[in-house]
file data-v4.cif (mmCIF, C-alpha atoms and all ligand atoms)
data_target
loop_
_atom_site.label_atom_id
_atom_site.label_comp_id
_atom_site.auth_asym_id
_atom_site.auth_seq_id
_atom_site.Cartn_x
_atom_site.Cartn_y
_atom_site.Cartn_z
CA ARG A 657 0.00 0.00 0.00
CA ARG A 658 1.18 3.47 -0.91
CA ILE A 659 0.51 4.79 2.61
CA CYS A 660 3.22 2.56 3.95
CA HIS A 661 5.77 4.27 1.80
CA ASP A 662 7.62 7.45 2.37
CA PRO A 663 6.59 9.59 -0.62
CA ALA A 664 10.06 11.02 -1.05
CA THR A 665 11.93 7.76 -1.27
CA HIS A 666 9.21 5.14 -1.76
CA GLN A 667 10.78 3.12 1.01
CA PRO A 668 8.67 1.22 3.50
CA LEU A 669 8.21 3.06 6.78
CA ALA A 670 9.38 0.13 8.88
CA TYR A 671 12.66 0.22 6.99
CA LEU A 672 13.03 3.97 7.50
CA ARG A 673 12.19 3.60 11.20
CA LEU A 674 14.82 0.97 11.61
CA ARG A 675 17.43 3.04 9.82
CA GLN A 676 16.63 5.91 12.17
CA ALA A 677 16.85 3.59 15.17
CA ILE A 678 20.28 2.37 14.08
CA ARG A 679 21.37 5.94 13.39
CA ASN A 680 20.29 6.88 16.91
CA ILE A 681 22.25 4.00 18.40
CA ILE A 682 25.32 5.26 16.54
CA GLY A 683 24.58 8.91 17.35
CA HIS A 684 24.16 8.37 21.04
CA ARG A 685 27.34 6.39 21.05
CA ASP A 686 25.61 3.45 22.66
CA ILE A 687 28.01 1.62 20.41
CA GLU A 688 31.40 3.12 19.63
CA PRO A 689 32.78 3.22 16.08
CA GLY A 690 34.51 -0.03 15.31
CA GLN A 691 32.21 -2.06 17.55
CA ALA A 692 29.91 -4.76 16.29
CA LEU A 693 26.22 -4.14 15.67
CA PRO A 694 23.81 -6.45 17.52
CA SER A 695 22.86 -9.46 15.42
CA GLU A 696 20.04 -9.35 12.89
CA ARG A 697 18.01 -11.61 15.15
CA ASP A 698 18.51 -9.40 18.26
CA LEU A 699 17.63 -6.26 16.32
CA SER A 700 14.49 -7.78 14.85
CA GLN A 701 13.40 -8.94 18.31
CA THR A 702 14.05 -5.68 20.18
CA LEU A 703 12.62 -3.50 17.43
CA LYS A 704 9.77 -5.91 16.60
CA LEU A 705 10.53 -5.89 12.89
CA SER A 706 10.99 -8.72 10.44
CA ARG A 707 14.45 -10.10 9.69
CA VAL A 708 14.01 -9.09 6.05
CA THR A 709 13.42 -5.46 7.04
CA VAL A 710 16.41 -5.50 9.37
CA ARG A 711 18.61 -6.98 6.65
CA LYS A 712 17.49 -4.36 4.12
CA ALA A 713 18.09 -1.50 6.54
CA ILE A 714 21.55 -2.79 7.35
CA ALA A 715 22.37 -3.12 3.65
CA GLY A 716 21.20 0.47 3.13
CA LEU A 717 23.41 1.75 5.94
CA VAL A 718 26.37 -0.21 4.62
CA GLU A 719 25.85 1.48 1.27
CA GLU A 720 25.72 4.89 2.99
CA GLY A 721 28.94 4.08 4.79
CA LEU A 722 27.56 4.16 8.33
CA LEU A 723 28.14 0.46 8.78
CA THR A 724 30.78 -1.85 7.39
CA GLN A 725 30.57 -5.58 6.92
CA ARG A 726 33.55 -7.86 7.37
CA HIS A 727 33.15 -11.21 5.80
CA GLY A 728 32.42 -13.88 8.37
CA ALA A 729 32.89 -11.43 11.26
CA GLY A 730 29.65 -9.45 11.16
CA THR A 731 28.54 -5.85 10.88
CA PHE A 732 30.38 -2.98 12.53
CA ILE A 733 29.87 0.72 13.09
CA ALA A 734 32.07 2.43 10.50
CA GLU A 735 35.05 4.23 11.96
CA ARG A 736 35.24 6.69 9.11
CA ILE A 737 32.79 9.27 7.86
CA VAL A 738 31.90 8.65 4.24
CA LYS A 739 30.83 11.76 2.38
CA PRO A 740 29.33 11.69 -1.11
CA MET A 741 31.10 14.18 -3.37
CA SER A 742 28.16 14.80 -5.67
CA ARG A 743 25.67 16.25 -3.18
CA LEU A 744 25.69 19.90 -2.23
CA THR A 745 25.18 19.45 1.49
CA SER A 746 26.43 21.29 4.55
CA PHE A 747 28.61 20.02 7.36
CA THR A 748 25.62 20.27 9.70
CA GLU A 749 23.40 18.20 7.40
CA ASP A 750 26.09 15.58 6.83
CA LEU A 751 26.51 15.01 10.54
CA ARG A 752 22.83 15.11 11.45
CA GLU A 753 22.19 12.53 8.76
CA ARG A 754 24.53 10.22 10.63
CA GLY A 755 22.87 10.94 13.97
CA LEU A 756 25.89 12.91 15.19
CA SER A 757 25.45 16.37 16.67
CA PRO A 758 27.40 19.16 14.96
CA ARG A 759 28.87 22.16 16.74
CA SER A 760 31.13 25.05 15.75
CA GLU A 761 33.70 27.04 17.63
CA PHE A 762 34.19 30.45 16.03
CA PHE A 763 37.62 32.05 15.76
CA GLU A 764 36.26 34.79 13.56
CA ARG A 765 32.73 35.91 12.66
CA GLY A 766 32.96 39.42 11.27
CA ILE A 767 32.45 41.75 8.38
CA GLY A 768 35.06 43.74 6.46
CA GLU A 769 36.26 45.05 3.15
CA VAL A 770 37.15 42.39 0.61
CA THR A 771 40.85 41.61 0.03
CA PRO A 772 42.10 41.40 -3.59
CA GLU A 773 42.29 37.61 -3.34
CA GLU A 774 38.76 37.30 -1.94
CA SER A 775 37.38 39.66 -4.55
CA MET A 776 38.76 37.39 -7.27
CA ALA A 777 37.34 34.27 -5.63
CA LEU A 778 33.89 35.80 -5.17
CA ASN A 779 33.71 37.96 -8.33
CA LEU A 780 33.27 41.11 -6.27
CA SER A 781 34.45 44.61 -7.07
CA PRO A 782 37.12 46.12 -4.81
CA GLY A 783 35.64 47.89 -1.80
CA SER A 784 32.73 45.43 -1.41
CA LEU A 785 31.98 44.06 2.05
CA VAL A 786 32.26 40.41 2.96
CA VAL A 787 31.40 38.27 5.95
CA ARG A 788 34.22 36.06 7.19
CA LEU A 789 33.78 32.92 9.25
CA HIS A 790 36.64 30.91 10.68
CA ARG A 791 35.41 27.86 12.50
CA LEU A 792 36.48 24.65 14.10
CA ARG A 793 33.79 22.10 13.36
CA TYR A 794 32.95 19.36 15.79
CA GLY A 795 30.89 16.18 15.57
CA GLN A 796 29.89 14.65 18.89
CA ASP A 797 32.55 16.83 20.58
CA GLU A 798 35.34 15.56 18.37
CA PRO A 799 37.06 18.15 16.14
CA LEU A 800 36.63 17.09 12.49
CA ALA A 801 37.40 20.08 10.28
CA ILE A 802 38.64 23.66 10.14
CA GLU A 803 36.78 25.99 7.83
CA ARG A 804 37.28 29.51 6.53
CA SER A 805 34.31 30.91 4.62
CA VAL A 806 33.91 34.23 2.86
CA VAL A 807 30.40 35.33 1.84
CA PRO A 808 29.43 38.60 0.12
CA ALA A 809 27.64 40.93 2.55
CA SER A 810 25.12 41.53 -0.24
CA VAL A 811 24.05 37.90 0.35
CA LEU A 812 24.64 37.66 4.11
CA PRO A 813 24.31 41.16 5.59
CA ASP A 814 25.17 40.28 9.19
CA PRO A 815 27.69 37.67 10.39
CA LEU A 816 25.64 37.10 13.55
CA LEU A 817 22.89 35.55 11.44
CA VAL A 818 25.12 32.47 11.43
CA HIS A 819 24.50 30.79 14.77
CA ASP A 820 26.16 27.53 13.91
CA SER A 821 25.33 26.57 10.32
CA LEU A 822 26.10 28.85 7.39
CA TYR A 823 23.69 27.03 5.06
CA GLU A 824 20.86 27.32 7.58
CA ALA A 825 21.39 31.10 7.69
CA LEU A 826 21.51 31.26 3.87
CA GLU A 827 18.37 29.16 3.63
CA LYS A 828 16.50 31.67 5.80
CA LEU A 829 17.68 34.45 3.49
CA ASN A 830 16.54 32.50 0.45
CA ALA A 831 20.13 32.30 -0.68
CA ARG A 832 20.87 28.61 -0.33
CA PRO A 833 23.48 27.72 -2.97
CA ARG A 834 22.26 25.61 -5.88
CA ARG A 835 25.50 24.61 -7.55
CA ALA A 836 29.10 24.41 -6.48
CA LEU A 837 32.57 23.70 -7.74
CA GLN A 838 34.91 21.88 -5.44
CA ARG A 839 38.59 21.08 -5.47
CA LEU A 840 40.03 18.49 -3.14
CA ARG A 841 43.70 17.93 -2.49
CA ALA A 842 45.86 16.11 -0.03
CA VAL A 843 47.86 18.15 2.47
CA SER A 844 49.81 17.49 5.62
CA LEU A 845 48.42 19.45 8.52
CA ASN A 846 50.67 22.09 10.05
CA ALA A 847 51.31 22.42 13.77
CA GLN A 848 48.38 24.74 14.46
CA GLN A 849 45.89 22.75 12.39
CA ALA A 850 47.04 19.48 13.94
CA ARG A 851 46.65 20.89 17.45
CA LEU A 852 43.10 22.06 16.74
CA LEU A 853 42.12 18.77 15.14
CA HIS A 854 43.72 16.62 17.86
CA VAL A 855 46.04 14.78 15.47
CA GLY A 856 49.81 14.61 15.14
CA VAL A 857 51.72 17.32 13.25
CA GLY A 858 52.08 16.34 9.60
CA SER A 859 49.01 14.08 9.64
CA ALA A 860 47.09 13.79 6.40
CA GLY A 861 44.34 16.29 5.78
CA LEU A 862 41.95 16.92 2.92
CA ASN A 863 42.02 20.50 1.75
CA ILE A 864 38.78 21.37 0.00
CA GLU A 865 37.90 24.60 -1.73
CA ARG A 866 34.24 25.14 -2.52
CA ARG A 867 32.76 27.93 -4.59
CA SER A 868 28.95 27.90 -4.45
CA PHE A 869 26.53 29.72 -6.68
CA LEU A 870 22.97 30.97 -6.67
CA ASP A 871 20.67 30.26 -9.59
CA ASP A 872 21.49 33.65 -11.10
CA GLY A 873 25.20 32.85 -11.13
CA ARG A 874 26.24 35.01 -8.18
CA VAL A 875 28.88 33.43 -5.96
CA VAL A 876 27.50 32.72 -2.46
CA GLU A 877 30.54 31.40 -0.68
CA PHE A 878 34.18 30.68 -1.03
CA THR A 879 35.09 28.16 1.62
CA CYS A 880 38.42 26.58 2.32
CA SER A 881 38.20 23.52 4.54
CA TRP A 882 40.68 21.16 6.12
CA TYR A 883 39.01 17.86 6.91
CA ARG A 884 40.73 15.18 8.93
CA GLY A 885 42.24 12.60 6.62
CA ASP A 886 42.13 9.93 9.31
CA ILE A 887 38.33 10.11 9.48
CA TYR A 888 36.90 11.24 6.17
CA ASP A 889 36.33 9.32 2.95
CA PHE A 890 35.01 11.25 -0.03
CA VAL A 891 33.16 9.04 -2.46
CA ALA A 892 31.60 9.72 -5.85
CA GLU A 893 29.39 7.78 -8.18
CA LEU A 894 30.85 7.48 -11.67
CA GLN A 895 29.11 6.82 -14.96
CA THR A 896 30.24 6.26 -18.50
CA ASP A 897 29.24 8.95 -21.03
C1 LIG B 901 30.70 21.89 4.22
C2 LIG B 901 31.28 22.51 2.98
C3 LIG B 901 31.51 23.99 3.12
C4 LIG B 901 30.26 24.67 3.61
C5 LIG B 901 29.80 24.04 4.89
C6 LIG B 901 28.51 24.62 5.39
C7 LIG B 901 32.64 20.59 2.25
C8 LIG B 901 33.94 20.09 1.84
N1 LIG B 901 32.54 21.88 2.60
O1 LIG B 901 31.67 21.80 5.23
O2 LIG B 901 31.89 24.53 1.87
O3 LIG B 901 30.50 26.05 3.82
O4 LIG B 901 29.58 22.65 4.69
O5 LIG B 901 28.14 23.95 6.57
O6 LIG B 901 31.68 19.84 2.28
P1 LIG B 901 27.25 24.58 7.69
O7 LIG B 901 25.95 24.97 7.07
O8 LIG B 901 27.14 23.53 8.71
O9 LIG B 901 27.96 25.81 8.20
#
call {"tool": "encode", "arguments": {"input": "data-v4.cif", "output": "structure tokens", "more": "lines below"}}
Ligand code: 16G
result
Amino acid sequence: RRICHDPATHQPLAYLRLRQAIRNIIGHRDIEPGQALPSERDLSQTLKLSRVTVRKAIAGLVEEGLLTQRHGAGTFIAERIVKPMSRLTSFTEDLRERGLSPRSEFFERGIGEVTPEESMALNLSPGSLVVRLHRLRYGQDEPLAIERSVVPASVLPDPLLVHDSLYEALEKLNARPRRALQRLRAVSLNAQQARLLHVGVGSAGLNIERRSFLDDGRVVEFTCSWYRGDIYDFVAELQTD
């Protein structure tokens, strides 16, 4: 019956409920990353769902990268965060989707005149105002990334509109980016970055530059991020022409 299906994904509700339940288990850290998931039979008994549903939900979460399966050993909570490259999502959304709570510590949240470099990145004329955010981004109290964002003040008039999530603030202003270009490269984290991210100096990091656009072609953000290389996997779906 149609009613039993989520209209957005056409997936049975029981399946979606179970996925949420497993996400919550992971989010609340009832099970730590790397630990085994309870057996299919235990899950189906505690959650009062059929084994088939449980198996499907687990397969879905394996595909999303929240769980990993080791042959003969069982199913485990993934130790790494797998992030699809082809979706224009925010840090906050990525973490919430995994049942982890995001948080930001601000080093800078101000407004000022654009520098020559920023004006080139954002296509702004000299003298324009920009909002600058410099944040350490946490998931479940663990530092995961450092981010520097520059946004034209014509799009985001007041830096204090960003409480925690930039995209949430943009959404409220009807300026949520629709397209983006992203460059990812490997770096080794310097002493300051490593200290903030709680890793050793010289550890691997993923340096990502994102330029996002509105429908009318205006640049919304130029963000430079350093994600922890020991935690993040970026994955993309590929197709032949
Ligand atoms: C992600 C984006 C970053 C964006 C931020 C917004 C990557 C590599 N970078 O971290 O460009 O500014 O999300 O997140 O995905 P927020 O809405 O939580 O502030």
call {"tool": "closest_atom_pairs", "arguments": {"input": "data-v4.cif", "of": "chain A", "to": "ligand LIG 901 (chain B)", "cutoff": "6 Å", "atoms": "only C-alpha atoms and all ligand atoms", "output": "CSV"}}
result
residue,atom,partner,partner_atom,distance
A:Ser746,CA,B:LIG901,O4,3.4
A:Phe747,CA,B:LIG901,O4,3.9
A:Thr748,CA,B:LIG901,O8,3.7
A:Ser821,CA,B:LIG901,O9,3.5
A:Leu822,CA,B:LIG901,O9,3.7
A:Tyr823,CA,B:LIG901,O7,3.7
A:Glu824,CA,B:LIG901,O7,5.6
A:Ile864,CA,B:LIG901,C8,5.3
A:Arg866,CA,B:LIG901,O2,5.0
A:Thr879,CA,B:LIG901,O2,4.8
call {"tool": "residues_near_point", "arguments": {"input": "data-v4.cif", "point": "(30.8, -8.5, 9.8)", "cutoff": "12 Å", "atoms": "all atoms listed in the file", "output": "JSON, numbers by chain"}}
result
{"A": [690, 691, 692, 693, 694, 695, 696, 714, 715, 718, 723, 724, 725, 726, 727, 728, 729, 730, 731, 732, 733, 734]}
call {"tool": "residues_around", "arguments": {"input": "data-v4.cif", "residues": "Ser781 of chain A", "least_positions_apart": "5", "cutoff": "12 Å", "atoms": "all atoms listed in the file", "output": "MDAnalysis selection string"}}
result
chainID A and resid 769:776 786 808 810
call {"tool": "atom_distance", "arguments": {"input": "data-v4.cif", "atom1": "atom CA of Ser757 of chain A", "atom2": "atom CA of Leu705 of chain A"}}
result
27.1 Å
call {"tool": "atom_distance", "arguments": {"input": "data-v4.cif", "atom1": "atom CA of Glu719 of chain A", "atom2": "atom CA of Arg675 of chain A"}}
result
12.1 Å
call {"tool": "closest_residue", "arguments": {"input": "data-v4.cif", "among": "A:Ala801, A:Val708, A:Leu751, A:Ala892", "to": "Arg851 of chain A", "atoms": "all atoms listed in the file"}}
result
A:Ala801
call {"tool": "residues_around", "arguments": {"input": "data-v4.cif", "residues": "Pro813 of chain A", "least_positions_apart": "6", "cutoff": "12 Å", "atoms": "all atoms listed in the file", "output": "mmCIF file with C-alpha atoms, in the coordinates of the input"}}
result
data_model
loop_
_atom_site.group_PDB
_atom_site.id
_atom_site.type_symbol
_atom_site.label_atom_id
_atom_site.label_comp_id
_atom_site.auth_asym_id
_atom_site.auth_seq_id
_atom_site.Cartn_x
_atom_site.Cartn_y
_atom_site.Cartn_z
ATOM 1 C CA GLY A 766 32.960 39.420 11.270
ATOM 2 C CA ILE A 767 32.450 41.750 8.380
ATOM 3 C CA GLY A 768 35.060 43.740 6.460
ATOM 4 C CA SER A 784 32.730 45.430 -1.410
ATOM 5 C CA LEU A 785 31.980 44.060 2.050
ATOM 6 C CA VAL A 786 32.260 40.410 2.960
ATOM 7 C CA VAL A 787 31.400 38.270 5.950
ATOM 8 C CA ARG A 788 34.220 36.060 7.190
ATOM 9 C CA VAL A 807 30.400 35.330 1.840
ATOM 10 C CA ALA A 825 21.390 31.100 7.690
ATOM 11 C CA LEU A 826 21.510 31.260 3.870
ATOM 12 C CA LEU A 829 17.680 34.450 3.490
ATOM 13 C CA ALA A 831 20.130 32.300 -0.680
#
call {"tool": "residues_near_point", "arguments": {"input": "data-v4.cif", "point": "(37.9, 10.9, 10.3)", "cutoff": "7 Å", "atoms": "all atoms listed in the file", "output": "PyMOL selection string"}}
result
chain A and resi 736-737+800+884-888
call {"tool": "atom_distance", "arguments": {"input": "data-v4.cif", "atom1": "atom CA of His854 of chain A", "atom2": "atom CA of Ala842 of chain A"}}
result
18.0 Å
call {"tool": "closest_residue", "arguments": {"input": "data-v4.cif", "among": "A:Ala847, A:Lys739, A:Arg832, A:Asp871", "to": "Gly721 of chain A", "atoms": "all atoms listed in the file"}}
result
A:Lys739
call {"tool": "residues_around", "arguments": {"input": "data-v4.cif", "residues": "Gly856 of chain A", "least_positions_apart": "5", "cutoff": "10 Å", "atoms": "all atoms listed in the file", "output": "MDAnalysis selection string"}}
result
chainID A and resid 844:847 849:851
call {"tool": "write_last_selection", "arguments": {"input": "data-v4.cif", "atoms": "C-alpha atoms", "output": "compact mmCIF listing (two decimals), keeping the file's coordinate frame"}}
result
# COMPACT_ATOMS: atom_id res chain seq x y z
CA SER A 844 49.81 17.49 5.62
CA LEU A 845 48.42 19.45 8.52
CA ASN A 846 50.67 22.09 10.05
CA ALA A 847 51.31 22.42 13.77
CA GLN A 849 45.89 22.75 12.39
CA ALA A 850 47.04 19.48 13.94
CA ARG A 851 46.65 20.89 17.45
call {"tool": "residues_around", "arguments": {"input": "data-v4.cif", "residues": "Gly873 of chain A", "least_positions_apart": "2", "cutoff": "10 Å", "atoms": "all atoms listed in the file", "output": "PyMOL selection string"}}
result
chain A and resi 833-835+868-871+875-876
call {"tool": "closest_residue", "arguments": {"input": "data-v4.cif", "among": "A:Ala836, A:Ile678, A:Leu789, A:Val891", "to": "Asp814 of chain A", "atoms": "all atoms listed in the file"}}
result
A:Leu789
call {"tool": "residues_around", "arguments": {"input": "data-v4.cif", "residues": "Ile802 of chain A", "least_positions_apart": "5", "cutoff": "7 Å", "atoms": "all atoms listed in the file", "output": "ChimeraX atom specification"}}
result
/A:791-793,881-883
call {"tool": "closest_residue", "arguments": {"input": "data-v4.cif", "among": "A:Asp897, A:Ala677, A:Leu722, A:Val806", "to": "Ser700 of chain A", "atoms": "all atoms listed in the file"}}
result
A:Ala677
call {"tool": "axis_aligned_box", "arguments": {"input": "data-v4.cif", "around": "segment 843-854 of chain A", "padding_each_side": "6 Å", "output": "AutoDock Vina command-line options"}}
result
--center_x 46.7 --center_y 20.7 --center_z 10.2 --size_x 21.2 --size_y 20.1 --size_z 27.4
call {"tool": "closest_residue", "arguments": {"input": "data-v4.cif", "among": "A:Glu803, A:Glu827, A:Asp820, A:Leu852", "to": "Glu865 of chain A", "atoms": "all atoms listed in the file"}}
result
A:Glu803
call {"tool": "decode", "arguments": {"input": "data-v4.cif", "residues": "segment 767-788 of chain A", "atoms": "N, CA, C and O atoms", "output": "compact mmCIF listing (two decimals), in the first residue's frame"}}
result
# COMPACT_ATOMS: atom_id res chain seq x y z
N ILE A 767 32.71 41.17 9.69
CA ILE A 767 32.45 41.75 8.38
C ILE A 767 33.58 42.73 8.07
O ILE A 767 34.14 43.34 8.99
N GLY A 768 33.97 42.82 6.81
CA GLY A 768 35.06 43.74 6.46
C GLY A 768 35.15 43.92 4.96
O GLY A 768 34.40 43.30 4.20
N GLU A 769 36.09 44.78 4.58
CA GLU A 769 36.26 45.05 3.15
C GLU A 769 37.01 43.89 2.50
O GLU A 769 37.93 43.32 3.11
N VAL A 770 36.59 43.55 1.31
CA VAL A 770 37.15 42.39 0.61
C VAL A 770 38.64 42.59 0.30
O VAL A 770 39.07 43.71 -0.01
N THR A 771 39.44 41.53 0.43
CA THR A 771 40.85 41.61 0.03
C THR A 771 40.91 41.32 -1.47
O THR A 771 39.95 40.76 -2.03
N PRO A 772 42.01 41.68 -2.14
CA PRO A 772 42.10 41.40 -3.59
C PRO A 772 41.86 39.92 -3.91
O PRO A 772 41.16 39.59 -4.86
N GLU A 773 42.43 39.05 -3.09
CA GLU A 773 42.29 37.61 -3.34
C GLU A 773 40.83 37.17 -3.21
O GLU A 773 40.31 36.42 -4.04
N GLU A 774 40.17 37.65 -2.15
CA GLU A 774 38.76 37.30 -1.94
C GLU A 774 37.88 37.85 -3.05
O GLU A 774 36.93 37.20 -3.49
N SER A 775 38.22 39.06 -3.51
CA SER A 775 37.38 39.66 -4.55
C SER A 775 37.48 38.87 -5.85
O SER A 775 36.52 38.75 -6.60
N MET A 776 38.64 38.26 -6.08
CA MET A 776 38.76 37.39 -7.27
C MET A 776 37.98 36.10 -7.09
O MET A 776 37.30 35.65 -7.99
N ALA A 777 38.05 35.54 -5.89
CA ALA A 777 37.34 34.27 -5.63
C ALA A 777 35.84 34.44 -5.69
O ALA A 777 35.11 33.53 -6.08
N LEU A 778 35.35 35.60 -5.27
CA LEU A 778 33.89 35.80 -5.17
C LEU A 778 33.33 36.65 -6.31
O LEU A 778 32.13 36.94 -6.32
N ASN A 779 34.17 37.08 -7.24
CA ASN A 779 33.71 37.96 -8.33
C ASN A 779 33.13 39.27 -7.82
O ASN A 779 32.07 39.69 -8.28
N LEU A 780 33.79 39.87 -6.85
CA LEU A 780 33.27 41.11 -6.27
C LEU A 780 34.17 42.26 -6.67
O LEU A 780 35.38 42.08 -6.87
N SER A 781 33.59 43.46 -6.75
CA SER A 781 34.45 44.61 -7.07
C SER A 781 35.15 45.07 -5.80
O SER A 781 34.64 44.91 -4.69
N PRO A 782 36.36 45.65 -5.97
CA PRO A 782 37.12 46.12 -4.81
C PRO A 782 36.26 47.09 -3.99
O PRO A 782 35.47 47.83 -4.55
N GLY A 783 36.41 47.00 -2.68
CA GLY A 783 35.64 47.89 -1.80
C GLY A 783 34.36 47.25 -1.28
O GLY A 783 33.75 47.74 -0.34
N SER A 784 33.94 46.11 -1.90
CA SER A 784 32.73 45.43 -1.41
C SER A 784 32.97 44.88 0.00
O SER A 784 34.11 44.65 0.40
N LEU A 785 31.87 44.63 0.70
CA LEU A 785 31.98 44.06 2.05
C LEU A 785 31.74 42.56 2.01
O LEU A 785 30.91 42.08 1.22
N VAL A 786 32.46 41.86 2.86
CA VAL A 786 32.26 40.41 2.96
C VAL A 786 32.18 39.99 4.42
O VAL A 786 32.75 40.64 5.30
N VAL A 787 31.46 38.89 4.63
CA VAL A 787 31.40 38.27 5.95
C VAL A 787 32.44 37.16 5.98
O VAL A 787 32.56 36.40 5.01
N ARG A 788 33.21 37.11 7.06
CA ARG A 788 34.22 36.06 7.19
C ARG A 788 33.93 35.19 8.40
O ARG A 788 33.66 35.70 9.49
